[in-house]
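So this one's coords_11.csv, CSV, C-alpha atoms:
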chain,number,residue,atom,x,y,z
A,1,MET,CA,53.5,37.3,-42.8
A,2,LYS,CA,49.9,37.7,-43.6
A,3,LYS,CA,48.8,41.2,-44.4
A,4,THR,CA,45.1,42.1,-44.1
A,5,ILE,CA,43.5,45.3,-45.2
A,6,SER,CA,40.7,46.4,-43.0
A,7,ARG,CA,38.0,48.9,-43.0
A,8,SER,CA,38.3,51.4,-40.2
A,9,ASP,CA,35.8,53.9,-38.8
A,10,VAL,CA,35.9,56.3,-36.0
A,11,VAL,CA,33.9,55.2,-32.9
A,12,ASP,CA,31.3,58.0,-32.2
A,13,ALA,CA,27.7,58.5,-31.2
A,14,LEU,CA,27.2,55.4,-29.1
A,15,SER,CA,24.1,54.3,-27.4
A,16,LEU,CA,24.2,53.1,-23.8
A,17,SER,CA,24.5,49.5,-24.7
A,18,GLU,CA,27.1,50.2,-27.4
A,19,LEU,CA,29.2,52.1,-25.0
A,20,CYS,CA,28.9,49.3,-22.5
A,21,GLN,CA,30.1,46.8,-25.0
A,22,PHE,CA,32.9,49.2,-26.1
A,23,CYS,CA,34.1,49.7,-22.5
A,24,GLN,CA,33.3,46.2,-21.3
A,25,ALA,CA,31.2,47.7,-18.5
A,26,ASP,CA,27.7,47.1,-17.3
A,27,GLU,CA,24.8,49.6,-17.8
A,28,ALA,CA,24.3,50.4,-14.1
A,29,TRP,CA,27.9,51.4,-13.8
A,30,VAL,CA,27.8,53.7,-16.8
A,31,ILE,CA,24.5,55.3,-15.5
A,32,GLU,CA,26.3,56.0,-12.3
A,33,LEU,CA,29.1,57.7,-14.2
A,34,VAL,CA,26.5,60.0,-15.8
A,35,GLU,CA,24.9,60.7,-12.4
A,36,HIS,CA,28.4,61.7,-11.1
A,37,GLY,CA,28.8,64.1,-14.1
A,38,VAL,CA,31.7,62.1,-15.4
A,39,LEU,CA,29.8,61.6,-18.7
A,40,ASP,CA,27.3,64.0,-20.2
A,41,PRO,CA,25.4,62.2,-23.0
A,42,GLN,CA,23.1,63.9,-25.5
A,43,GLY,CA,19.4,63.0,-25.2
A,44,HIS,CA,17.0,63.2,-22.3
A,45,THR,CA,16.2,59.6,-21.5
A,46,VAL,CA,18.4,56.6,-21.0
A,47,GLU,CA,17.0,55.0,-24.1
A,48,THR,CA,17.9,58.0,-26.3
A,49,TRP,CA,21.3,58.7,-24.8
A,50,ARG,CA,24.1,59.3,-27.3
A,51,PHE,CA,27.7,59.4,-26.1
A,52,VAL,CA,29.9,61.4,-28.4
A,53,GLY,CA,33.5,62.6,-28.7
A,54,VAL,CA,35.5,62.9,-25.6
A,55,GLY,CA,32.7,61.3,-23.5
A,56,ILE,CA,33.6,58.0,-25.1
A,57,SER,CA,37.3,58.3,-24.3
A,58,ARG,CA,36.4,59.5,-20.7
A,59,ALA,CA,34.3,56.4,-20.3
A,60,LYS,CA,37.1,54.1,-21.5
A,61,LYS,CA,39.6,55.8,-19.2
A,62,ALA,CA,37.1,55.5,-16.3
A,63,ARG,CA,36.7,51.8,-16.9
A,64,ARG,CA,40.5,51.3,-17.0
A,65,LEU,CA,41.0,53.2,-13.7
A,66,ASN,CA,38.3,51.1,-12.2
A,67,ARG,CA,39.5,47.8,-13.5
A,68,ASP,CA,43.3,48.3,-13.1
A,69,LEU,CA,43.3,50.3,-9.8
A,70,GLY,CA,40.0,49.5,-8.2
A,71,VAL,CA,39.0,53.2,-8.1
A,72,ASN,CA,35.3,53.8,-7.3
A,73,ILE,CA,33.1,56.3,-9.2
A,74,ALA,CA,33.7,59.3,-6.9
A,75,GLY,CA,37.4,58.6,-7.1
A,76,ILE,CA,37.3,58.3,-10.9
A,77,ALA,CA,35.4,61.7,-11.2
A,78,LEU,CA,38.1,63.3,-9.1
A,79,VAL,CA,41.0,61.6,-10.9
A,80,LEU,CA,39.7,62.7,-14.3
A,81,ASP,CA,39.2,66.3,-13.2
A,82,LEU,CA,42.7,66.4,-11.8
A,83,LEU,CA,44.1,64.8,-15.0
A,84,GLU,CA,42.4,67.4,-17.1
A,85,GLU,CA,43.7,70.2,-15.0
A,86,ARG,CA,47.2,68.7,-15.3
A,87,GLU,CA,46.8,68.5,-19.1
A,88,SER,CA,46.1,72.2,-19.2
A,89,ILE,CA,49.0,73.1,-16.9
A,90,MET,CA,51.7,71.0,-18.5
A,91,PRO,CA,52.1,73.0,-21.7
A,92,ARG,CA,52.3,76.2,-19.8
A,93,LEU,CA,54.9,74.7,-17.5
A,94,ALA,CA,56.9,73.4,-20.4
A,95,LYS,CA,56.9,76.9,-21.9
A,96,HIS,CA,58.6,78.3,-18.7
A,97,GLU,CA,61.1,75.5,-18.5
A,98,VAL,CA,62.4,76.3,-22.0
A,99,MET,CA,63.0,80.0,-21.3
B,1,MET,CA,63.3,34.4,-24.9
B,2,GLU,CA,64.2,36.7,-22.1
B,3,TYR,CA,64.0,35.6,-18.5
B,4,LYS,CA,61.8,37.8,-16.4
B,5,ASP,CA,62.7,38.6,-12.8
B,6,TYR,CA,59.2,39.2,-11.4
B,7,TYR,CA,60.5,40.0,-7.9
B,8,SER,CA,62.6,42.9,-9.1
B,9,VAL,CA,59.8,44.2,-11.3
B,10,LEU,CA,57.7,44.6,-8.2
B,11,GLY,CA,60.7,45.6,-6.1
B,12,VAL,CA,60.2,42.9,-3.5
B,13,ALA,CA,62.4,40.2,-2.0
B,14,ARG,CA,62.0,36.6,-3.1
B,15,SER,CA,60.9,35.9,0.4
B,16,ALA,CA,58.2,38.6,0.4
B,17,SER,CA,54.8,37.6,1.8
B,18,ALA,CA,51.6,37.6,-0.3
B,19,GLU,CA,50.5,40.7,1.6
B,20,GLU,CA,53.8,42.5,0.7
B,21,ILE,CA,53.5,41.5,-2.9
B,22,LYS,CA,49.9,42.8,-3.2
B,23,LYS,CA,51.0,46.1,-1.6
B,24,ALA,CA,53.9,46.5,-4.0
B,25,PHE,CA,51.7,45.7,-6.9
B,26,ARG,CA,49.1,48.2,-6.0
B,27,LYS,CA,51.7,50.9,-5.5
B,28,ALA,CA,53.4,50.2,-8.8
B,29,ALA,CA,50.1,49.9,-10.7
B,30,ARG,CA,49.1,53.4,-9.5
B,31,LYS,CA,52.5,54.8,-10.4
B,32,TYR,CA,52.8,53.3,-13.9
B,33,HIS,CA,49.1,53.4,-15.0
B,34,PRO,CA,49.3,54.7,-18.6
B,35,ASP,CA,46.3,57.0,-18.0
B,36,ILE,CA,48.1,58.7,-15.1
B,37,ASN,CA,51.8,58.4,-15.9
B,38,GLN,CA,52.8,60.2,-19.1
B,39,GLU,CA,56.3,58.9,-19.3
B,40,LYS,CA,57.0,57.1,-22.6
B,41,ASP,CA,57.7,53.7,-21.0
B,42,ALA,CA,54.8,53.8,-18.6
B,43,GLU,CA,52.7,51.4,-20.6
B,44,VAL,CA,55.5,48.8,-20.8
B,45,ARG,CA,56.3,49.2,-17.1
B,46,PHE,CA,52.6,48.8,-16.3
B,47,LYS,CA,52.3,45.7,-18.3
B,48,ASP,CA,55.4,44.2,-16.7
B,49,VAL,CA,54.0,44.9,-13.2
B,50,ASN,CA,50.7,43.2,-14.1
B,51,GLU,CA,52.5,40.3,-15.6
B,52,ALA,CA,54.7,39.9,-12.5
B,53,TYR,CA,51.7,40.1,-10.2
B,54,GLU,CA,49.7,37.6,-12.3
B,55,VAL,CA,52.4,35.0,-11.5
B,56,LEU,CA,53.4,36.0,-8.0
B,57,LYS,CA,49.8,36.4,-6.6
B,58,ASP,CA,48.9,32.8,-7.4
B,59,PRO,CA,50.6,30.4,-4.9
B,60,GLU,CA,50.8,27.6,-7.5
B,61,ARG,CA,52.3,29.8,-10.2
B,62,ARG,CA,54.7,31.4,-7.8
B,63,ALA,CA,55.9,28.1,-6.6
B,64,ALA,CA,56.4,26.9,-10.2
B,65,TYR,CA,58.2,30.2,-11.0
B,66,ASP,CA,60.5,29.9,-7.9
B,67,ARG,CA,61.6,26.4,-8.9
B,68,LEU,CA,62.4,27.7,-12.3
B,69,GLY,CA,64.3,30.7,-11.0
B,70,ASN,CA,66.6,28.5,-9.0
B,71,ALA,CA,67.3,26.3,-12.0
B,72,SER,CA,68.1,29.2,-14.3
B,73,PRO,CA,71.7,29.6,-15.3
B,74,ASP,CA,73.0,33.1,-14.5
B,75,GLY,CA,74.6,33.4,-17.9
B,76,ALA,CA,71.3,33.1,-19.7
B,77,GLN,CA,69.6,35.9,-17.9
B,78,GLY,CA,69.2,39.2,-19.6
B,79,GLN,CA,70.6,37.9,-22.9
B,80,GLY,CA,67.3,37.1,-24.4
B,81,ARG,CA,68.2,33.4,-24.7
B,82,TYR,CA,66.4,31.9,-21.8
B,83,GLN,CA,65.1,28.4,-22.3
B,84,PRO,CA,62.7,26.7,-19.9
B,85,PRO,CA,64.2,23.6,-18.2
B,86,PRO,CA,63.5,20.4,-20.0
B,87,ASP,CA,61.5,19.1,-17.0
B,88,TRP,CA,59.2,22.1,-17.0
B,89,ASP,CA,55.8,20.5,-16.3
B,90,GLN,CA,53.3,21.1,-19.0
B,91,ARG,CA,50.5,20.4,-16.5
B,92,HIS,CA,50.9,24.0,-15.4
B,93,SER,CA,48.2,25.2,-17.8
B,94,PHE,CA,47.1,28.5,-16.4
B,95,SER,CA,44.4,30.5,-17.9
B,96,GLY,CA,42.6,33.7,-17.7
B,97,ALA,CA,45.6,35.9,-17.2
B,98,GLY,CA,45.8,39.7,-17.5
B,99,PRO,CA,43.4,42.4,-16.4
B,100,ASP,CA,42.0,42.4,-19.9
B,101,GLY,CA,41.6,38.7,-20.2
B,102,ASN,CA,42.8,38.9,-23.8
B,103,GLU,CA,46.0,40.8,-23.1
B,104,HIS,CA,49.3,39.2,-24.2
B,105,PHE,CA,52.2,39.2,-21.9
B,106,SER,CA,55.9,38.5,-22.6
B,107,ASP,CA,57.1,35.4,-24.5
B,108,PHE,CA,58.4,34.2,-21.2
B,109,PHE,CA,55.0,34.4,-19.6
B,110,GLU,CA,53.1,33.1,-22.6
B,111,THR,CA,55.3,30.1,-23.0
B,112,LEU,CA,55.6,29.1,-19.4
B,113,PHE,CA,52.3,30.0,-17.9
B,114,ARG,CA,49.8,29.9,-20.7
B,115,ARG,CA,50.8,26.7,-22.4
B,116,GLY,CA,47.7,24.9,-23.5
B,117,ALA,CA,45.4,27.5,-22.2
B,118,GLY,CA,44.1,30.6,-23.9
B,119,GLY,CA,45.9,31.1,-27.2
B,120,GLU,CA,44.5,31.1,-30.7
B,121,GLY,CA,44.0,27.4,-30.8
B,122,SER,CA,41.5,27.1,-27.9
B,123,ARG,CA,39.9,30.4,-29.0
B,124,ARG,CA,39.0,29.0,-32.4
B,125,HIS,CA,35.6,28.0,-31.1
B,126,ALA,CA,35.3,30.9,-28.7
B,127,PRO,CA,32.8,33.7,-29.2
B,128,PRO,CA,34.1,36.8,-30.9
B,129,THR,CA,35.8,39.1,-28.4
B,130,ASP,CA,36.8,42.7,-29.0
B,131,SER,CA,40.4,43.6,-28.6
B,132,HIS,CA,41.7,47.0,-27.5
B,133,GLY,CA,45.0,48.7,-28.2
B,134,ARG,CA,46.6,52.1,-28.9
B,135,ILE,CA,48.2,53.6,-31.9
B,136,GLU,CA,50.4,56.7,-31.9
B,137,ILE,CA,50.1,59.0,-34.8
B,138,THR,CA,51.5,62.4,-35.7
B,139,ILE,CA,49.6,65.7,-36.1
B,140,GLU,CA,50.3,65.6,-39.8
B,141,GLU,CA,48.7,62.1,-40.1
B,142,SER,CA,45.5,63.4,-38.6
B,143,TYR,CA,45.6,66.4,-41.0
B,144,ASN,CA,46.0,64.2,-44.1
B,145,GLY,CA,44.7,60.8,-43.1
B,146,ALA,CA,47.3,58.0,-43.2
B,147,GLU,CA,47.9,54.3,-43.9
B,148,ARG,CA,49.8,52.6,-41.1
B,149,THR,CA,50.9,49.1,-40.8
B,150,LEU,CA,50.4,47.7,-37.3
B,151,SER,CA,52.2,44.7,-36.1
B,152,LEU,CA,50.4,42.5,-33.5
B,153,ARG,CA,52.2,39.8,-31.6
B,154,GLU,CA,49.9,37.0,-30.7
B,155,PRO,CA,50.4,33.6,-29.1
B,156,VAL,CA,49.4,30.8,-31.5
B,157,MET,CA,49.1,27.2,-30.6
B,158,ASP,CA,50.2,24.5,-33.0
B,159,PRO,CA,48.5,21.0,-33.1
B,160,ASN,CA,51.0,19.7,-30.5
B,161,GLY,CA,49.8,22.3,-28.0
B,162,THR,CA,53.0,24.3,-28.2
B,163,ILE,CA,52.6,28.0,-28.0
B,164,SER,CA,54.7,30.3,-30.2
B,165,MET,CA,54.4,34.1,-30.8
B,166,LYS,CA,53.3,35.0,-34.2
B,167,ASP,CA,53.3,38.4,-35.9
B,168,ARG,CA,50.3,39.6,-37.7
B,169,ASN,CA,50.4,42.8,-39.8
B,170,ILE,CA,47.3,44.9,-40.3
B,171,LEU,CA,47.0,47.8,-42.6
B,172,VAL,CA,45.3,50.5,-40.6
B,173,HIS,CA,43.6,53.5,-42.3
B,174,VAL,CA,43.8,56.5,-40.0
B,175,PRO,CA,40.8,58.7,-40.9
B,176,LYS,CA,41.3,62.5,-41.3
B,177,GLY,CA,40.7,64.6,-38.3
B,178,VAL,CA,41.0,62.0,-35.5
B,179,VAL,CA,41.7,63.5,-32.1
B,180,GLN,CA,43.4,62.4,-29.0
B,181,GLY,CA,41.5,59.7,-27.1
B,182,GLN,CA,39.2,58.9,-30.0
B,183,SER,CA,39.0,55.2,-31.0
B,184,ILE,CA,38.9,53.7,-34.4
B,185,ARG,CA,37.2,50.4,-35.0
B,186,LEU,CA,38.7,47.7,-37.3
B,187,SER,CA,35.9,45.3,-38.0
B,188,GLY,CA,36.7,41.6,-37.6
B,189,GLN,CA,40.4,42.2,-36.5
B,190,GLY,CA,39.9,41.3,-32.9
B,191,GLY,CA,39.9,37.9,-31.2
B,192,SER,CA,37.9,35.2,-33.0
B,193,GLY,CA,36.4,37.7,-35.5
B,194,GLY,CA,35.6,40.4,-32.9
B,195,ASP,CA,36.5,44.0,-33.5
B,196,LEU,CA,39.8,45.6,-32.9
B,197,PHE,CA,39.6,49.1,-31.3
B,198,LEU,CA,42.6,51.4,-31.5
B,199,GLU,CA,42.8,54.4,-29.3
B,200,ILE,CA,44.5,57.4,-30.9
B,201,THR,CA,47.4,59.0,-29.1
B,202,PHE,CA,49.6,61.8,-30.6
B,203,ALA,CA,53.4,61.8,-30.6
B,204,ALA,CA,54.8,65.0,-29.1
B,205,HIS,CA,55.3,67.6,-31.9
B,206,PRO,CA,58.3,69.9,-31.8
B,207,VAL,CA,56.3,73.0,-32.8
B,208,PHE,CA,52.6,72.5,-32.2
B,209,HIS,CA,50.7,71.6,-29.1
B,210,LEU,CA,47.3,69.9,-29.4
B,211,ALA,CA,44.1,70.4,-27.4
B,212,GLY,CA,41.2,68.6,-29.0
B,213,LYS,CA,41.0,69.9,-32.6
B,214,ASP,CA,42.9,73.1,-31.8
B,215,LEU,CA,46.6,73.6,-32.3
B,216,TYR,CA,48.7,76.0,-30.2
B,217,VAL,CA,52.0,77.5,-31.3
B,218,ASP,CA,54.4,80.1,-30.1
B,219,LEU,CA,55.1,82.5,-33.0
B,220,PRO,CA,58.4,84.5,-32.8
B,221,ILE,CA,58.3,88.0,-34.3
B,222,THR,CA,60.8,90.8,-34.5
B,223,PRO,CA,60.3,94.0,-32.6
B,224,TRP,CA,59.6,96.0,-35.8
B,225,GLU,CA,57.1,93.4,-37.0
B,226,ALA,CA,55.4,93.8,-33.6
B,227,ALA,CA,55.5,97.6,-33.8
B,228,LEU,CA,54.5,98.1,-37.4
B,229,GLY,CA,52.3,95.1,-37.9
B,230,GLY,CA,51.9,93.4,-41.3
B,231,LYS,CA,52.0,90.0,-42.8
B,232,VAL,CA,54.3,87.2,-41.6
B,233,VAL,CA,54.4,83.7,-43.1
B,234,MET,CA,53.6,81.0,-40.6
B,235,PRO,CA,54.1,77.2,-41.3
B,236,THR,CA,51.1,75.0,-40.4
B,237,PRO,CA,50.7,71.3,-40.8
B,238,SER,CA,48.5,72.1,-43.9
B,239,GLY,CA,51.0,74.4,-45.5
B,240,ARG,CA,52.2,78.0,-45.1
B,241,VAL,CA,49.7,80.7,-44.3
B,242,ASP,CA,50.0,84.5,-44.2
B,243,LEU,CA,49.2,85.8,-40.8
B,244,ASN,CA,48.3,89.4,-40.2
B,245,ILE,CA,50.1,90.9,-37.2
B,246,PRO,CA,48.3,93.9,-35.7
B,247,SER,CA,50.4,97.0,-35.2
B,248,ASN,CA,51.7,97.5,-31.6
B,249,ALA,CA,51.4,93.7,-31.0
B,250,ARG,CA,52.5,92.5,-27.6
B,251,THR,CA,54.3,89.3,-26.5
B,252,GLY,CA,51.6,86.9,-25.3
B,253,GLN,CA,49.0,88.2,-27.6
B,254,LYS,CA,47.0,85.4,-29.2
B,255,LEU,CA,46.0,85.3,-32.8
B,256,ARG,CA,43.4,82.8,-34.1
B,257,LEU,CA,43.5,81.2,-37.5
B,258,ASN,CA,39.9,79.9,-38.0
B,259,GLY,CA,39.5,76.4,-39.4
B,260,LYS,CA,43.3,75.8,-39.8
B,261,GLY,CA,43.4,73.2,-36.9
B,262,LEU,CA,42.6,69.5,-37.3
B,263,PRO,CA,40.1,69.0,-40.2
B,264,GLY,CA,36.5,68.1,-39.5
B,265,LYS,CA,33.0,69.6,-39.2
B,266,PRO,CA,33.8,72.0,-37.7
B,267,ALA,CA,37.5,72.1,-38.2
B,268,GLY,CA,39.7,73.2,-35.3
B,269,ASN,CA,41.6,76.5,-35.1
B,270,ILE,CA,45.3,77.4,-34.7
B,271,TYR,CA,46.1,79.8,-31.9
B,272,ALA,CA,49.4,81.5,-32.3
B,273,THR,CA,50.9,83.2,-29.3
B,274,LEU,CA,53.2,86.1,-30.3
B,275,LYS,CA,56.6,86.2,-28.8
B,276,ILE,CA,58.8,89.2,-29.6
B,277,VAL,CA,62.4,88.2,-30.1
B,278,ASN,CA,65.2,90.7,-30.1
B,279,PRO,CA,68.0,90.5,-32.7
B,280,LYS,CA,71.6,90.2,-31.6
B,281,VAL,CA,73.1,93.6,-32.1
B,282,GLU,CA,76.7,93.2,-33.4
B,283,THR,CA,77.8,96.1,-35.7
B,284,ASP,CA,78.2,99.8,-35.0
B,285,ASP,CA,75.4,100.6,-37.4
B,286,GLN,CA,73.1,98.3,-35.6
B,287,ARG,CA,74.0,99.8,-32.3
B,288,ALA,CA,73.5,103.3,-33.7
B,289,LEU,CA,70.0,102.3,-34.7
B,290,PHE,CA,69.1,101.3,-31.1
B,291,LYS,CA,70.8,104.4,-29.7
B,292,ARG,CA,68.5,106.5,-31.9
B,293,MET,CA,65.5,104.6,-30.4
B,294,VAL,CA,66.8,105.5,-26.9
B,295,LYS,CA,66.6,109.2,-27.9
B,296,GLU,CA,63.5,109.2,-29.9
B,297,MET,CA,61.3,106.7,-28.0
B,298,PRO,CA,60.7,107.6,-24.4
B,299,PHE,CA,59.5,104.3,-23.0
B,300,ASP,CA,59.7,102.9,-19.5
B,301,PRO,CA,58.6,99.3,-19.4
B,302,ARG,CA,59.2,99.3,-15.6
B,303,ALA,CA,57.0,102.3,-14.8
B,304,HIS,CA,54.3,100.1,-13.3
B,305,LEU,CA,56.8,98.5,-10.9
B,306,GLY,CA,56.8,101.6,-8.7
B,307,GLY,CA,59.8,103.0,-6.9
B,308,ASP,CA,62.1,105.8,-8.0
B,309,GLN,CA,63.4,105.1,-11.5
B,310,LYS,CA,65.5,108.3,-11.7
Could you render the structure from this file as structure tokens?
Amino acid sequence: MKKTISRSDVVDALSLSELCQFCQADEAWVIELVEHGVLDPQGHTVETWRFVGVGISRAKKARRLNRDLGVNIAGIALVLDLLEERESIMPRLAKHEVM
Amino acid sequence: MEYKDYYSVLGVARSASAEEIKKAFRKAARKYHPDINQEKDAEVRFKDVNEAYEVLKDPERRAAYDRLGNASPDGAQGQGRYQPPPDWDQRHSFSGAGPDGNEHFSDFFETLFRRGAGGEGSRRHAPPTDSHGRIEITIEESYNGAERTLSLREPVMDPNGTISMKDRNILVHVPKGVVQGQSIRLSGQGGSGGDLFLEITFAAHPVFHLAGKDLYVDLPITPWEAALGGKVVMPTPSGRVDLNIPSNARTGQKLRLNGKGLPGKPAGNIYATLKIVNPKVETDDQRALFKRMVKEMPFDPRAHLGGDQK
């Protein structure tokens, strides 16, 4: 089996077009995500937008929900908020189950 | 290879209508979507469901699959030794499968339904495409950085047009301080020289719970450590640290260790939640000690509950 060594870097601080390529999404769709508050890029104009940190993974998640389940943007915003709420509740629940 | 019962994957009868199949697929896709379902096998189930639907939604593929199903000997099922019938028609060259376009399904699917389409051979002249996957790492690997070997199964087409699954190993460098949901890019490791993106997920840790760069841990302390305060030794993924317990500490009190979480600029913190644990009292001397406390420490933890405590 062939073994290749590869350079790896963390994906961070993406421009709008870089994020679109990364998520395989079009710009209008990402702009709508920003308008719904799903994404909160740094920078004041679309041209200077920089997507950082969890914003990138949220965008990717949003794209998967849209592509795999056909969820629209308002639905995505709701699902992501509920998922985050669940994330924060789960460890607290687990704590009580152990006791 | 293993025979796949696509009807049972979707939980529908072989006679199910196209409408019933679509409904069953949508329901299963919602249930097993890896972003929503946190069960360990959700990703595999989700892929199975998509693969099943990819075949059953297409009348031509479904018909081909049904003919195959009838011809399949019972004994071969589930034993991982399924062979397509010799009369399997190679003209069934289906393409463009999978929600990702470049997703690989089971050997069963790749051999029967992607013969002559897709695959490495026909992609040789294709434009570079990015590939996406996930990699599960441990908290310790994010603290220290790590080298991991990732095995990718890819369909490869030989000059005769036969598809076989080939393993490709890639050495992945996991950079220090990566967090849940972050992606790492491996240049040139995707399809036709595109990039391969790996999304980081963390394996559940028996002691620490992660939130971003911060770690949470329950720290058990004795009643006297809680009462008197002082230093206790706490293990962290980057080694043992001394933690100062304030006197009269309470269960549920949170202590912060600045910069001891996942590394980075800035590094995360560790939050230790104190949990006072009582010793098991077994000897007369030990009992005497507690009896002395009864006498010398007037304390009613139930005072705030109200009612007559006398």
Exercise answer, chain A residues close to chain B, 10 Å and all atoms listed in the file, as a VMD selection string: chain A and resid 1 to 12 21 to 24 52 to 58 60 to 62 64 to 65 67 to 70 79 to 80 82 to 83 87 to 88 91 95
What's the 6 Å shell around segment 252-254 of chain B, counting all atoms listed in the file, without same-chain residues fewer than 6 positions away, as an mmCIF file with C-alpha atoms, keeping the file's coordinate frame?
data_model
loop_
_atom_site.group_PDB
_atom_site.id
_atom_site.type_symbol
_atom_site.label_atom_id
_atom_site.label_comp_id
_atom_site.auth_asym_id
_atom_site.auth_seq_id
_atom_site.Cartn_x
_atom_site.Cartn_y
_atom_site.Cartn_z
ATOM 1 C CA ALA B 272 49.400 81.500 -32.300
ATOM 2 C CA THR B 273 50.900 83.200 -29.300
ATOM 3 C CA LEU B 274 53.200 86.100 -30.300
#
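Interatomic distance, atom CA of His36 of chain A against atom CA of Ile76 of chain A: 9.5 Å.
The smallest atom-to-atom distance between Pro220 of chain B and any of B:Thr138, B:Ser247, B:Asn278, B:Thr236, using all atoms listed in the file, is found for B:Asn278.
Minimum distance to Ile73 of chain A across A:Gly43, A:Asp26, A:Leu14, A:Leu33 (counting all atoms listed in the file) occurs at A:Leu33.
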Residue nearest Ala77 of chain A among A:Ala59, A:Glu97, A:Phe51, A:Ser15 (counting all atoms listed in the file):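 Counting all atoms listed in the file, the residue closest to Ala77 of chain A is A:Ala59.
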Residues near Pro223 of chain B, cut-off 10 Å, all atoms listed in the file, skip fewer than 6 positions along chain, as a list in words: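 Surrounding residues, per the criterion: Gly229, Asn248, Ala249, Arg250, Thr251, Lys275, Ile276, Val277, Asn278 and Pro279 of chain B.
Straight-line separation from atom CA of Ala303 of chain B to atom CA of Leu219 of chain B: 27.0 Å.
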Top pick for closest residue to Val44 of chain B, considering B:Val294, B:Ala64, B:Ala24, B:Val9 and counting only C-alpha atoms: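 Distance minimum relative to Val44 of chain B lands on B:Val9.
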Non-local contacts of Gly239 of chain B (12 Å; all atoms listed in the file; under 6 positions in same chain excluded) as an MDAnalysis selection string: chainID B and resid 140 143:144 233 260:261
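Take atom CA of Met1 of chain B and atom CA of Ala52 of chain B: the distance between them is 16.1 Å.
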Pick from B:Leu228, B:Asp5, B:Phe25, B:Ile137, whichever lies nearest to Tyr65 of chain B using only C-alpha atoms: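 Selected residue with least distance to Tyr65 of chain B: B:Asp5.
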